[in-house]
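K.L.:
Contents of query-v4.txt (compact mmCIF, C-alpha atoms) are given next:
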```txt
# COMPACT_ATOMS: atom_id res chain seq x y z
CA MET H 1 -49.88 -45.98 21.01
CA THR H 2 -47.28 -43.86 22.72
CA SER H 3 -48.32 -42.25 25.99
CA ARG H 4 -47.79 -38.55 26.65
CA ASN H 5 -45.27 -39.35 29.40
CA GLN H 6 -43.24 -41.53 27.03
CA VAL H 7 -43.18 -38.71 24.47
CA PHE H 8 -41.90 -36.23 27.04
CA MET H 9 -39.26 -38.64 28.29
CA VAL H 10 -37.99 -39.04 24.70
CA ILE H 11 -37.99 -35.25 24.22
CA ILE H 12 -36.07 -34.73 27.44
CA ALA H 13 -33.60 -37.49 26.53
CA LEU H 14 -33.03 -36.03 23.06
CA ALA H 15 -32.57 -32.57 24.48
CA ALA H 16 -30.13 -33.84 27.08
CA ALA H 17 -28.15 -35.70 24.42
CA GLY H 18 -27.86 -32.85 21.95
CA CYS H 19 -28.54 -29.65 23.82
CA GLY H 20 -28.12 -28.11 27.20
CA GLN H 21 -24.43 -28.90 27.34
CA GLY H 22 -23.63 -25.27 28.10
CA VAL H 23 -24.09 -23.08 31.13
CA CYS H 24 -27.89 -22.95 30.91
CA SER H 25 -28.42 -26.60 31.79
CA SER H 26 -27.05 -25.89 35.27
CA PHE H 27 -30.00 -23.64 36.15
CA THR H 28 -32.81 -25.62 37.73
CA THR H 29 -35.45 -22.93 38.31
CA ARG H 30 -37.37 -20.73 35.93
CA ASP H 31 -36.32 -17.57 37.77
CA ALA H 32 -32.62 -18.43 37.48
CA CYS H 33 -32.99 -19.36 33.82
CA ASP H 34 -35.00 -16.28 32.91
CA ALA H 35 -32.45 -14.04 34.63
CA ARG H 36 -29.92 -15.03 31.95
CA THR H 37 -29.94 -13.35 28.54
CA ASP H 38 -28.24 -16.37 26.94
CA CYS H 39 -30.81 -18.96 28.12
CA HIS H 40 -34.52 -19.66 27.74
CA SER H 41 -37.00 -21.67 29.81
CA VAL H 42 -38.51 -24.84 28.37
CA PHE H 43 -41.84 -26.11 29.65
CA GLN H 44 -43.79 -29.36 29.57
CA ASP H 45 -47.54 -30.00 29.71
CA ARG H 46 -48.58 -32.35 32.53
CA GLY H 47 -51.72 -33.46 30.73
CA ALA H 48 -54.90 -33.65 32.74
CA CYS H 49 -54.27 -31.72 35.94
CA GLY H 50 -57.74 -30.52 36.90
CA CYS H 51 -57.53 -26.88 35.81
CA ALA H 52 -59.54 -25.24 33.06
CA PRO H 53 -57.56 -22.45 31.33
CA ALA H 54 -55.38 -23.40 28.35
CA GLY H 55 -51.76 -23.81 29.45
CA CYS H 56 -52.49 -24.12 33.16
CA CYS H 57 -51.03 -27.66 33.27
CA THR H 58 -47.71 -26.48 31.83
CA PHE H 59 -44.68 -26.39 34.15
CA PHE H 60 -40.98 -25.47 33.96
CA SER H 61 -38.98 -28.44 32.69
CA ARG H 62 -35.44 -27.15 32.16
CA CYS H 63 -33.23 -24.29 31.09
CA ALA H 64 -31.92 -24.38 27.51
CA ASP H 65 -29.08 -22.60 25.74
CA GLY H 66 -29.90 -19.62 23.55
CA GLY H 67 -31.35 -16.28 24.48
CA LYS H 68 -34.36 -16.95 22.29
CA ALA H 69 -36.10 -20.20 21.36
CA ARG H 70 -36.42 -21.53 17.82
CA CYS H 71 -40.16 -21.72 17.18
CA SER H 72 -39.93 -23.32 13.75
CA GLY H 73 -37.79 -26.12 12.46
CA THR H 74 -37.42 -29.40 10.61
CA ILE H 75 -38.19 -32.58 12.50
CA LYS H 76 -35.90 -35.57 11.95
CA CYS H 77 -37.03 -37.57 14.97
CA ALA H 78 -39.87 -40.05 15.39
CA VAL H 79 -41.76 -38.67 18.38
CA HIS H 80 -45.09 -36.93 18.67
CA GLU H 81 -45.02 -33.18 18.94
CA PRO H 82 -45.51 -31.79 22.44
CA ILE H 83 -48.83 -30.32 23.43
CA CYS H 84 -48.40 -26.60 23.99
CA GLU H 85 -51.49 -24.60 24.90
CA GLY H 86 -52.41 -21.05 25.79
CA LEU H 87 -49.39 -18.75 25.66
CA TYR H 88 -47.03 -21.68 24.94
CA VAL H 89 -45.78 -22.76 21.50
CA ILE H 90 -43.53 -25.58 20.31
CA SER H 91 -39.79 -24.94 20.22
CA TYR H 92 -37.22 -26.91 18.23
CA THR H 93 -33.63 -28.12 18.40
CA ASP H 94 -31.60 -28.84 15.27
CA VAL H 95 -33.37 -32.17 14.73
CA CYS H 96 -36.36 -32.51 17.02
CA TYR H 97 -38.78 -30.84 19.38
CA GLU H 98 -37.30 -29.02 22.35
CA GLY H 99 -40.56 -28.65 24.28
CA CYS H 100 -42.87 -25.71 24.90
CA VAL H 101 -41.84 -22.09 25.37
CA LEU H 102 -43.74 -18.89 25.96
CA SER H 103 -44.48 -17.36 22.55
CA SER H 104 -42.69 -14.20 23.73
CA GLU H 105 -39.44 -16.24 23.88
CA CYS H 106 -39.40 -17.03 20.15
CA GLY H 107 -36.46 -15.63 18.25
CA PRO H 108 -36.01 -14.71 14.61
```
I need this file expressed as structure tokens, please.

P.N.:
Amino acid sequence: MTSRNQVFMVIIALAAAGCGQGVCSSFTTRDACDARTDCHSVFQDRGACGCAPAGCCTFFSRCADGGKARCSGTIKCAVHEPICEGLYVISYTDVCYEGCVLSSECGP
């Protein structure tokens, strides 16, 4: 069985290999990323962190290219989908999961 940490490492590796090659990958904080209209923040769930509300274990992971996230897509990779709770939903790259994004960041 694949652990949650292994899944996230694969997601991050896939994203680094195929995405984030533009300007957005240089932003390392959510505030800096969200200040850009051509980028969106990607989040990751930490798993069990000792808080109760849905989504409270989710933290900023990286800044991705594109003003809006793709919140639907076709999966061509062999990893488990990320766990996105509360206000967070799954976002996609061209071939795999990108991570979690706030549902308000989903584009057309």

K.L.:
Would you please work out which residue, of H:Asp65, H:Gly99, H:Ser104, H:Ile83, is nearest to Phe43 of chain H when using all atoms listed in the file?

P.N.:
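With all atoms listed in the file as the atom set, the closest residue is H:Gly99.
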
K.L.:
Which residue is closest to Ser72 of chain H? Choose from H:Ser26, H:Ser103, H:Ser91, H:Thr37 and count only C-alpha atoms.

P.N.:
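The answer is H:Ser91, which sits nearest to Ser72 of chain H.
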
K.L.:
As an exercise, work out the distance from atom CA of Phe27 of chain H to atom CA of Gly47 of chain H in Å and give it to one decimal place.

P.N.:
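It comes out at 24.4 Å.
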
K.L.:
Record the distance separating atom CA of Glu81 of chain H and atom CA of Ala35 of chain H, expressed in Å with one decimal.

P.N.:
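Going from atom CA of Glu81 of chain H over to atom CA of Ala35 of chain H, I get 27.8 Å.
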
K.L.:
Using only C-alpha atoms, which of H:Gln44, H:Asp34, H:Cys57, H:Gly67 sits nearest Tyr97 of chain H?

P.N.:
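Among H:Gln44, H:Asp34, H:Cys57, H:Gly67, it is H:Gln44 that comes nearest to Tyr97 of chain H.
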
K.L.:
One decimal, Å: what's the distance from atom CA of Gly107 of chain H over to atom CA of Tyr88 of chain H, could you say?

P.N.:
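Interatomic distance here is 13.9 Å.
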
K.L.:
Counting only C-alpha atoms, I want the residues whose atoms come within 10 Å of (-53.6, -21.8, 31.3) in the file frame, returned as a list in words.

P.N.:
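Within 10 Å of (-53.6, -21.8, 31.3), the protein and nucleic acid residues are Cys51, Ala52, Pro53, Ala54, Gly55, Cys56, Cys57, Thr58, Glu85, Gly86, Leu87 and Tyr88 of chain H.
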